[in-house]
>>> print(open('upload_16.cif').read())   # mmCIF, C-alpha atoms
data_structure
loop_
_atom_site.group_PDB
_atom_site.id
_atom_site.type_symbol
_atom_site.label_atom_id
_atom_site.label_comp_id
_atom_site.auth_asym_id
_atom_site.auth_seq_id
_atom_site.Cartn_x
_atom_site.Cartn_y
_atom_site.Cartn_z
ATOM 1 C CA MET A 1404 5.842 8.819 45.277
ATOM 2 C CA ASN A 1405 5.971 10.394 48.699
ATOM 3 C CA GLY A 1406 9.642 9.500 48.999
ATOM 4 C CA VAL A 1407 10.459 11.356 45.804
ATOM 5 C CA CYS A 1408 8.373 14.351 46.843
ATOM 6 C CA GLN A 1409 10.116 14.483 50.197
ATOM 7 C CA ALA A 1410 13.509 14.199 48.516
ATOM 8 C CA ALA A 1411 12.582 17.068 46.199
ATOM 9 C CA THR A 1412 11.381 19.200 49.104
ATOM 10 C CA ALA A 1413 14.470 18.401 51.177
ATOM 11 C CA SER A 1414 16.738 19.296 48.234
ATOM 12 C CA LEU A 1415 14.971 22.602 47.839
ATOM 13 C CA PHE A 1416 15.377 23.460 51.508
ATOM 14 C CA ALA A 1417 19.001 22.344 51.470
ATOM 15 C CA LEU A 1418 19.529 24.568 48.443
ATOM 16 C CA LEU A 1419 17.927 27.537 50.143
ATOM 17 C CA ALA A 1420 20.046 26.954 53.229
ATOM 18 C CA ALA A 1421 23.263 26.626 51.205
ATOM 19 C CA CYS A 1422 22.624 29.521 48.876
ATOM 20 C CA GLY A 1423 24.640 32.619 49.765
ATOM 21 C CA GLY A 1424 23.399 35.351 47.448
ATOM 22 C CA HIS A 1425 23.529 39.002 48.419
ATOM 23 C CA GLU A 1426 19.840 39.110 49.257
ATOM 24 C CA ALA A 1427 18.863 38.283 52.826
ATOM 25 C CA ALA A 1428 16.012 36.088 51.558
ATOM 26 C CA PRO A 1429 14.252 34.054 54.275
ATOM 27 C CA VAL A 1430 14.876 30.321 54.516
ATOM 28 C CA ALA A 1431 11.849 28.078 55.050
ATOM 29 C CA TYR A 1432 12.309 24.949 57.159
ATOM 30 C CA ARG A 1433 9.787 22.185 57.751
ATOM 31 C CA SER A 1434 9.193 21.098 61.322
ATOM 32 C CA PRO A 1435 11.974 18.441 61.817
ATOM 33 C CA GLU A 1436 14.572 20.584 60.040
ATOM 34 C CA PHE A 1437 13.503 23.597 62.028
ATOM 35 C CA GLU A 1438 13.956 21.699 65.311
ATOM 36 C CA ARG A 1439 17.460 20.643 64.213
ATOM 37 C CA PHE A 1440 18.257 24.205 63.140
ATOM 38 C CA MET A 1441 17.104 25.594 66.511
ATOM 39 C CA LYS A 1442 19.088 22.978 68.429
ATOM 40 C CA ALA A 1443 22.229 23.700 66.392
ATOM 41 C CA GLN A 1444 21.794 27.434 66.997
ATOM 42 C CA HIS A 1445 21.627 26.841 70.756
ATOM 43 C CA ASP A 1446 24.732 24.614 70.868
ATOM 44 C CA ALA A 1447 28.121 26.003 71.849
ATOM 45 C CA THR A 1448 30.734 26.267 69.100
ATOM 46 C CA ALA A 1449 33.101 23.348 68.400
ATOM 47 C CA THR A 1450 36.697 23.505 69.645
ATOM 48 C CA PRO A 1451 39.114 24.594 66.882
ATOM 49 C CA GLU A 1452 41.816 22.213 65.716
ATOM 50 C CA SER A 1453 44.313 23.614 63.199
ATOM 51 C CA THR A 1454 47.074 25.989 64.309
ATOM 52 C CA LYS A 1455 45.688 28.710 62.084
ATOM 53 C CA VAL A 1456 42.211 28.336 63.544
ATOM 54 C CA SER A 1457 43.600 28.254 67.101
ATOM 55 C CA ARG A 1458 45.543 31.436 66.416
ATOM 56 C CA GLY A 1459 42.405 33.002 64.950
ATOM 57 C CA ARG A 1460 40.493 32.117 68.087
ATOM 58 C CA GLU A 1461 43.237 33.796 70.131
ATOM 59 C CA VAL A 1462 43.046 36.911 67.922
ATOM 60 C CA PHE A 1463 39.297 36.994 68.475
ATOM 61 C CA LEU A 1464 39.461 36.516 72.246
ATOM 62 C CA LYS A 1465 42.525 38.648 73.019
ATOM 63 C CA GLY A 1466 41.856 41.350 70.447
ATOM 64 C CA THR A 1467 38.954 43.733 70.297
ATOM 65 C CA CYS A 1468 36.327 41.371 68.783
ATOM 66 C CA ALA A 1469 35.489 39.775 72.140
ATOM 67 C CA MET A 1470 34.791 43.186 73.643
ATOM 68 C CA CYS A 1471 31.545 43.382 71.679
ATOM 69 C CA HIS A 1472 30.683 39.875 70.441
ATOM 70 C CA THR A 1473 29.671 36.543 71.962
ATOM 71 C CA VAL A 1474 30.870 33.134 70.769
ATOM 72 C CA ARG A 1475 29.221 30.633 73.080
ATOM 73 C CA GLY A 1476 31.659 28.019 74.357
ATOM 74 C CA THR A 1477 34.440 30.630 74.608
ATOM 75 C CA LEU A 1478 35.167 33.481 77.025
ATOM 76 C CA ALA A 1479 33.542 35.985 74.641
ATOM 77 C CA HIS A 1480 30.247 37.001 76.242
ATOM 78 C CA SER A 1481 29.700 40.628 75.281
ATOM 79 C CA ARG A 1482 26.275 41.623 74.022
ATOM 80 C CA VAL A 1483 27.125 44.938 72.359
ATOM 81 C CA GLY A 1484 27.250 43.421 68.863
ATOM 82 C CA PRO A 1485 25.635 40.324 67.314
ATOM 83 C CA ASP A 1486 26.231 36.835 68.736
ATOM 84 C CA LEU A 1487 28.698 35.183 66.332
ATOM 85 C CA THR A 1488 28.453 31.605 67.662
ATOM 86 C CA HIS A 1489 27.052 30.367 64.334
ATOM 87 C CA LEU A 1490 28.334 33.097 62.025
ATOM 88 C CA ALA A 1491 29.526 30.640 59.352
ATOM 89 C CA SER A 1492 26.038 29.195 58.947
ATOM 90 C CA ARG A 1493 24.614 32.590 57.986
ATOM 91 C CA ARG A 1494 24.003 33.521 54.374
ATOM 92 C CA ALA A 1495 24.668 37.226 54.739
ATOM 93 C CA ILE A 1496 26.601 39.534 57.059
ATOM 94 C CA ALA A 1497 26.122 43.112 58.252
ATOM 95 C CA SER A 1498 22.320 42.780 58.574
ATOM 96 C CA GLY A 1499 21.944 41.389 55.079
ATOM 97 C CA THR A 1500 24.194 43.961 53.407
ATOM 98 C CA MET A 1501 26.604 41.430 51.865
ATOM 99 C CA ALA A 1502 26.916 37.716 51.089
ATOM 100 C CA ASN A 1503 28.775 35.814 53.795
ATOM 101 C CA THR A 1504 31.938 35.149 51.787
ATOM 102 C CA ARG A 1505 35.548 35.371 52.980
ATOM 103 C CA GLY A 1506 36.240 38.486 50.923
ATOM 104 C CA ASN A 1507 33.240 40.346 52.293
ATOM 105 C CA LEU A 1508 34.008 39.251 55.835
ATOM 106 C CA ALA A 1509 37.575 40.538 55.523
ATOM 107 C CA GLY A 1510 36.475 43.932 54.208
ATOM 108 C CA TRP A 1511 33.760 44.192 56.834
ATOM 109 C CA ILE A 1512 36.097 43.406 59.746
ATOM 110 C CA LEU A 1513 38.816 45.773 58.564
ATOM 111 C CA ASN A 1514 36.698 48.771 57.592
ATOM 112 C CA PRO A 1515 32.962 48.373 58.233
ATOM 113 C CA GLN A 1516 32.233 52.116 58.331
ATOM 114 C CA ASN A 1517 32.845 52.391 54.649
ATOM 115 C CA LEU A 1518 30.513 49.531 53.756
ATOM 116 C CA LYS A 1519 27.648 50.449 56.060
ATOM 117 C CA PRO A 1520 27.947 54.063 57.217
ATOM 118 C CA GLY A 1521 26.683 54.515 60.757
ATOM 119 C CA THR A 1522 27.331 50.946 61.897
ATOM 120 C CA LYS A 1523 28.518 50.722 65.486
ATOM 121 C CA MET A 1524 31.312 48.343 64.543
ATOM 122 C CA PRO A 1525 34.669 50.160 64.526
ATOM 123 C CA PRO A 1526 37.479 49.537 62.017
ATOM 124 C CA THR A 1527 40.082 46.983 63.111
ATOM 125 C CA LEU A 1528 43.727 47.055 62.116
ATOM 126 C CA LEU A 1529 45.207 43.566 62.036
ATOM 127 C CA ASP A 1530 48.544 42.082 61.133
ATOM 128 C CA THR A 1531 47.886 40.250 57.838
ATOM 129 C CA ALA A 1532 48.677 36.791 59.284
ATOM 130 C CA ASP A 1533 46.266 37.510 62.140
ATOM 131 C CA LEU A 1534 43.600 38.558 59.644
ATOM 132 C CA HIS A 1535 43.873 35.249 57.773
ATOM 133 C CA SER A 1536 43.846 33.293 61.052
ATOM 134 C CA LEU A 1537 40.807 35.201 62.291
ATOM 135 C CA LEU A 1538 38.953 34.488 59.028
ATOM 136 C CA ALA A 1539 39.850 30.789 59.334
ATOM 137 C CA PHE A 1540 38.497 30.755 62.899
ATOM 138 C CA LEU A 1541 35.278 32.560 61.976
ATOM 139 C CA GLU A 1542 34.680 30.055 59.178
ATOM 140 C CA THR A 1543 34.560 27.233 61.762
ATOM 141 C CA LEU A 1544 31.586 28.809 63.546
ATOM 142 C CA HIS A 1545 28.862 26.700 61.994
ATOM 143 C CA MET B 945 -3.955 13.316 37.586
ATOM 144 C CA MET B 946 -0.662 15.105 37.269
ATOM 145 C CA ASP B 947 2.412 12.896 37.108
ATOM 146 C CA PHE B 948 3.785 13.909 40.489
ATOM 147 C CA ASP B 949 6.806 11.584 40.413
ATOM 148 C CA ARG B 950 8.040 13.255 37.242
ATOM 149 C CA ALA B 951 7.388 16.717 38.639
ATOM 150 C CA ALA B 952 9.266 15.859 41.831
ATOM 151 C CA GLY B 953 12.123 14.347 39.846
ATOM 152 C CA LEU B 954 12.360 17.518 37.782
ATOM 153 C CA ALA B 955 12.447 19.608 40.967
ATOM 154 C CA VAL B 956 15.391 17.545 42.229
ATOM 155 C CA CYS B 957 17.226 18.058 38.932
ATOM 156 C CA VAL B 958 16.620 21.807 39.051
ATOM 157 C CA CYS B 959 17.864 21.919 42.657
ATOM 158 C CA LEU B 960 20.998 19.963 41.806
ATOM 159 C CA ALA B 961 21.674 22.195 38.810
ATOM 160 C CA LEU B 962 21.331 25.294 40.965
ATOM 161 C CA MET B 963 23.525 23.824 43.706
ATOM 162 C CA HIS B 964 26.177 23.024 41.116
ATOM 163 C CA SER B 965 26.249 26.693 40.204
ATOM 164 C CA GLY B 966 27.073 27.494 43.834
ATOM 165 C CA CYS B 967 24.518 30.308 43.734
ATOM 166 C CA ALA B 968 27.171 32.571 42.231
ATOM 167 C CA PRO B 969 26.103 34.682 39.256
ATOM 168 C CA ALA B 970 25.132 32.421 36.392
ATOM 169 C CA GLY B 971 27.119 32.015 33.235
ATOM 170 C CA SER B 972 28.734 29.440 31.007
ATOM 171 C CA HIS B 973 30.391 26.581 32.852
ATOM 172 C CA ALA B 974 32.480 25.193 30.015
ATOM 173 C CA ALA B 975 35.636 23.737 31.550
ATOM 174 C CA ASN B 976 37.921 24.200 28.541
ATOM 175 C CA GLY B 977 40.258 27.106 27.927
ATOM 176 C CA ASP B 978 38.468 28.080 24.706
ATOM 177 C CA ARG B 979 35.605 29.646 26.593
ATOM 178 C CA THR B 980 35.281 33.376 25.998
ATOM 179 C CA ALA B 981 35.617 35.371 29.207
ATOM 180 C CA GLN B 982 32.459 37.188 30.288
ATOM 181 C CA PRO B 983 33.160 40.643 31.745
ATOM 182 C CA GLU B 984 29.524 41.181 32.768
ATOM 183 C CA ARG B 985 29.552 37.960 34.794
ATOM 184 C CA GLY B 986 32.886 39.116 36.256
ATOM 185 C CA ARG B 987 31.289 42.366 37.391
ATOM 186 C CA LYS B 988 28.715 40.404 39.409
ATOM 187 C CA LEU B 989 31.361 38.072 40.810
ATOM 188 C CA VAL B 990 33.330 41.068 42.094
ATOM 189 C CA SER B 991 30.458 41.803 44.467
ATOM 190 C CA TRP B 992 29.761 38.173 45.318
ATOM 191 C CA TYR B 993 33.329 37.226 46.259
ATOM 192 C CA GLY B 994 33.660 40.477 48.168
ATOM 193 C CA CYS B 995 36.379 42.227 46.111
ATOM 194 C CA ALA B 996 34.409 45.461 46.452
ATOM 195 C CA SER B 997 34.424 45.185 50.257
ATOM 196 C CA CYS B 998 38.122 46.055 50.197
ATOM 197 C CA HIS B 999 38.609 47.806 46.862
ATOM 198 C CA ASP B 1000 37.021 50.849 45.265
ATOM 199 C CA ILE B 1001 35.653 49.325 42.048
ATOM 200 C CA PRO B 1002 33.536 51.414 39.652
ATOM 201 C CA GLY B 1003 30.109 49.881 39.157
ATOM 202 C CA ALA B 1004 30.037 48.011 42.498
ATOM 203 C CA SER B 1005 27.315 48.771 45.030
ATOM 204 C CA ILE B 1006 29.803 49.298 47.873
ATOM 205 C CA THR B 1007 33.118 51.110 48.064
ATOM 206 C CA GLY B 1008 35.842 49.341 50.017
ATOM 207 C CA MET B 1009 38.728 51.355 51.421
ATOM 208 C CA VAL B 1010 40.926 48.517 52.698
ATOM 209 C CA GLY B 1011 43.089 47.802 49.659
ATOM 210 C CA PRO B 1012 44.092 49.916 46.654
ATOM 211 C CA PRO B 1013 41.372 51.348 44.386
ATOM 212 C CA LEU B 1014 40.978 49.381 41.158
ATOM 213 C CA ARG B 1015 39.943 52.328 39.019
ATOM 214 C CA SER B 1016 42.094 52.301 35.878
ATOM 215 C CA ILE B 1017 43.672 48.961 36.804
ATOM 216 C CA GLY B 1018 43.619 48.171 33.082
ATOM 217 C CA ARG B 1019 46.249 50.894 32.546
ATOM 218 C CA ARG B 1020 48.600 50.030 35.409
ATOM 219 C CA SER B 1021 52.075 48.542 34.822
ATOM 220 C CA TYR B 1022 52.310 46.320 37.902
ATOM 221 C CA LEU B 1023 50.044 44.210 40.080
ATOM 222 C CA ALA B 1024 50.644 43.799 43.806
ATOM 223 C CA GLY B 1025 53.786 45.921 43.368
ATOM 224 C CA ARG B 1026 55.667 43.049 41.741
ATOM 225 C CA LEU B 1027 53.825 41.322 38.871
ATOM 226 C CA ALA B 1028 53.691 42.661 35.304
ATOM 227 C CA ASN B 1029 50.060 43.543 34.622
ATOM 228 C CA THR B 1030 49.106 40.746 32.210
ATOM 229 C CA PRO B 1031 45.822 38.803 32.128
ATOM 230 C CA GLU B 1032 47.537 35.565 33.225
ATOM 231 C CA ASN B 1033 49.278 37.300 36.141
ATOM 232 C CA LEU B 1034 46.071 39.008 37.257
ATOM 233 C CA ILE B 1035 44.218 35.685 37.185
ATOM 234 C CA HIS B 1036 47.011 34.097 39.231
ATOM 235 C CA TRP B 1037 47.030 36.974 41.738
ATOM 236 C CA ILE B 1038 43.251 36.780 42.202
ATOM 237 C CA ARG B 1039 43.345 33.008 42.723
ATOM 238 C CA TYR B 1040 46.519 32.602 44.801
ATOM 239 C CA PRO B 1041 47.529 35.929 46.358
ATOM 240 C CA GLN B 1042 49.786 34.261 48.962
ATOM 241 C CA GLN B 1043 51.843 32.625 46.198
ATOM 242 C CA VAL B 1044 52.698 36.081 44.903
ATOM 243 C CA ASP B 1045 53.203 37.756 48.279
ATOM 244 C CA GLU B 1046 52.978 35.615 51.408
ATOM 245 C CA ASP B 1047 52.419 38.686 53.592
ATOM 246 C CA THR B 1048 49.585 40.212 51.569
ATOM 247 C CA ALA B 1049 46.359 41.009 53.367
ATOM 248 C CA MET B 1050 44.365 39.849 50.343
ATOM 249 C CA PRO B 1051 42.730 36.589 51.382
ATOM 250 C CA PHE B 1052 42.696 33.334 49.449
ATOM 251 C CA MET B 1053 39.052 33.176 48.353
ATOM 252 C CA ASN B 1054 38.986 29.854 46.518
ATOM 253 C CA VAL B 1055 38.217 31.548 43.193
ATOM 254 C CA SER B 1056 37.869 29.106 40.284
ATOM 255 C CA GLU B 1057 39.904 29.601 37.101
ATOM 256 C CA GLU B 1058 36.732 30.422 35.165
ATOM 257 C CA ASP B 1059 35.553 32.969 37.730
ATOM 258 C CA ALA B 1060 39.018 34.569 37.882
ATOM 259 C CA ARG B 1061 39.033 34.873 34.073
ATOM 260 C CA ASP B 1062 35.677 36.642 34.095
ATOM 261 C CA ILE B 1063 36.724 38.941 36.946
ATOM 262 C CA THR B 1064 39.932 39.771 35.050
ATOM 263 C CA ALA B 1065 37.957 40.481 31.868
ATOM 264 C CA PHE B 1066 35.787 42.874 33.878
ATOM 265 C CA LEU B 1067 38.741 44.563 35.611
ATOM 266 C CA TYR B 1068 40.375 45.212 32.235
ATOM 267 C CA THR B 1069 37.330 47.233 31.206
ATOM 268 C CA LEU B 1070 38.419 49.720 33.920
ATOM 269 C CA ARG B 1071 40.731 51.963 31.990
#
>>> encode(input="upload_16.cif", output="structure tokens")
Amino acid sequence: MNGVCQAATASLFALLAACGGHEAAPVAYRSPEFERFMKAQHDATATPESTKVSRGREVFLKGTCAMCHTVRGTLAHSRVGPDLTHLASRRAIASGTMANTRGNLAGWILNPQNLKPGTKMPPTLLDTADLHSLLAFLETLH
Amino acid sequence: MMDFDRAAGLAVCVCLALMHSGCAPAGSHAANGDRTAQPERGRKLVSWYGCASCHDIPGASITGMVGPPLRSIGRRSYLAGRLANTPENLIHWIRYPQQVDEDTAMPFMNVSEEDARDITAFLYTLR
């Protein structure tokens, strides 16, 4: 019986963690999961592999993103904006304004002022191929 | 005593059902082409996928200024500057923008056929 209960509880937590609705609803972890979550959050990001992801990493580091954001394990160390080391594991972006989906991320990067007036993040003009590469890179940041 | 095994089993089923829905706005999940498109579900999907982060779409909670406004898209002649504005073309453009224009800024968002149909049904209410 306990096994089934634990499986049910684990499924529920996995669901909560995977769910990416617009609301920034809190996720509840039990002790072992919480320890794993904390450890994963402290780890550096994995090294990218595909050409597109590598190019996206270059766009991030050589463009303006790295001037404000940190991705641990890379040369981006700035603390002006949020640490993006585990961006892809988040359910929402822009302080809970929008679900963390590729479309929202693209709109946010390109023109954040329009989506959240007063945000400190400036608009970024990117070549379209660079935009797609950057999105591919950001999606590896689990 | 309450039958806890059954309750737990039910909880697992509910979880799996919810996970199958991908947490996107709920609606019919019939896989066949006979399903009637649901514009109201499409309206919710527009926010979830992030269409409204780049486009000005009436009824959305945010107003994107990255791509063209989609007000009156139901009355336009062309999509993406090159496709005749038909439901099938709009569905294709939403699902595979790079197949229509490899240089477009519109990202591939892994939109399912069903979701694209509902989004298209919603967009055609904008006249």
>>> residues_near_point(input="upload_16.cif", point="(46.2, 51.9, 47.6)", cutoff="12 Å", atoms="all atoms listed in the file", output="list in words")
Cys998, His999, Asp1000, Gly1008, Met1009, Val1010, Gly1011, Pro1012, Pro1013, Leu1014, Arg1015, Ile1017, Leu1023, Ala1024 and Gly1025 of chain B
>>> residues_around(input="upload_16.cif", residues="Val1055 of chain B", least_positions_apart="5", cutoff="12 Å", atoms="only C-alpha atoms", output="VMD selection string")
(chain A and resid 1504 to 1506) or (chain B and resid 966 968 986 989 to 990 992 to 995 1035 to 1041 1060 to 1064)
>>> residues_near_point(input="upload_16.cif", point="(28.8, 50.8, 57.8)", cutoff="12 Å", atoms="only C-alpha atoms", output="count of residues only")
28
>>> atom_distance(input="upload_16.cif", atom1="atom CA of Leu1534 of chain A", atom2="atom CA of Cys1471 of chain A")
17.7 Å
>>> closest_residue(input="upload_16.cif", among="B:Pro1002, B:Glu1032, B:Ser991, B:Arg1071", to="chain A", atoms="only C-alpha atoms")
B:Ser991
>>> resolve_selection(input="upload_16.cif", expression="the PyMOL selection byres ((chain B and resi 1070) around 6)", output="PyMOL selection string")
chain B and resi 1015-1016+1018+1067-1069+1071
>>> residues_around(input="upload_16.cif", residues="Met1470 of chain A", least_positions_apart="6", cutoff="9 Å", atoms="all atoms listed in the file", output="JSON list (two decimals) with C-alpha atoms, keeping the file's coordinate frame")
[["chain", "number", "residue", "atom", "x", "y", "z"],
["A", 1464, "LEU", "CA", 39.46, 36.52, 72.25],
["A", 1479, "ALA", "CA", 33.54, 35.98, 74.64],
["A", 1480, "HIS", "CA", 30.25, 37.00, 76.24],
["A", 1481, "SER", "CA", 29.70, 40.63, 75.28],
["A", 1482, "ARG", "CA", 26.28, 41.62, 74.02],
["A", 1483, "VAL", "CA", 27.12, 44.94, 72.36],
["A", 1484, "GLY", "CA", 27.25, 43.42, 68.86]]
>>> atom_distance(input="upload_16.cif", atom1="atom CA of Tyr1432 of chain A", atom2="atom CA of Arg1493 of chain A")
14.5 Å
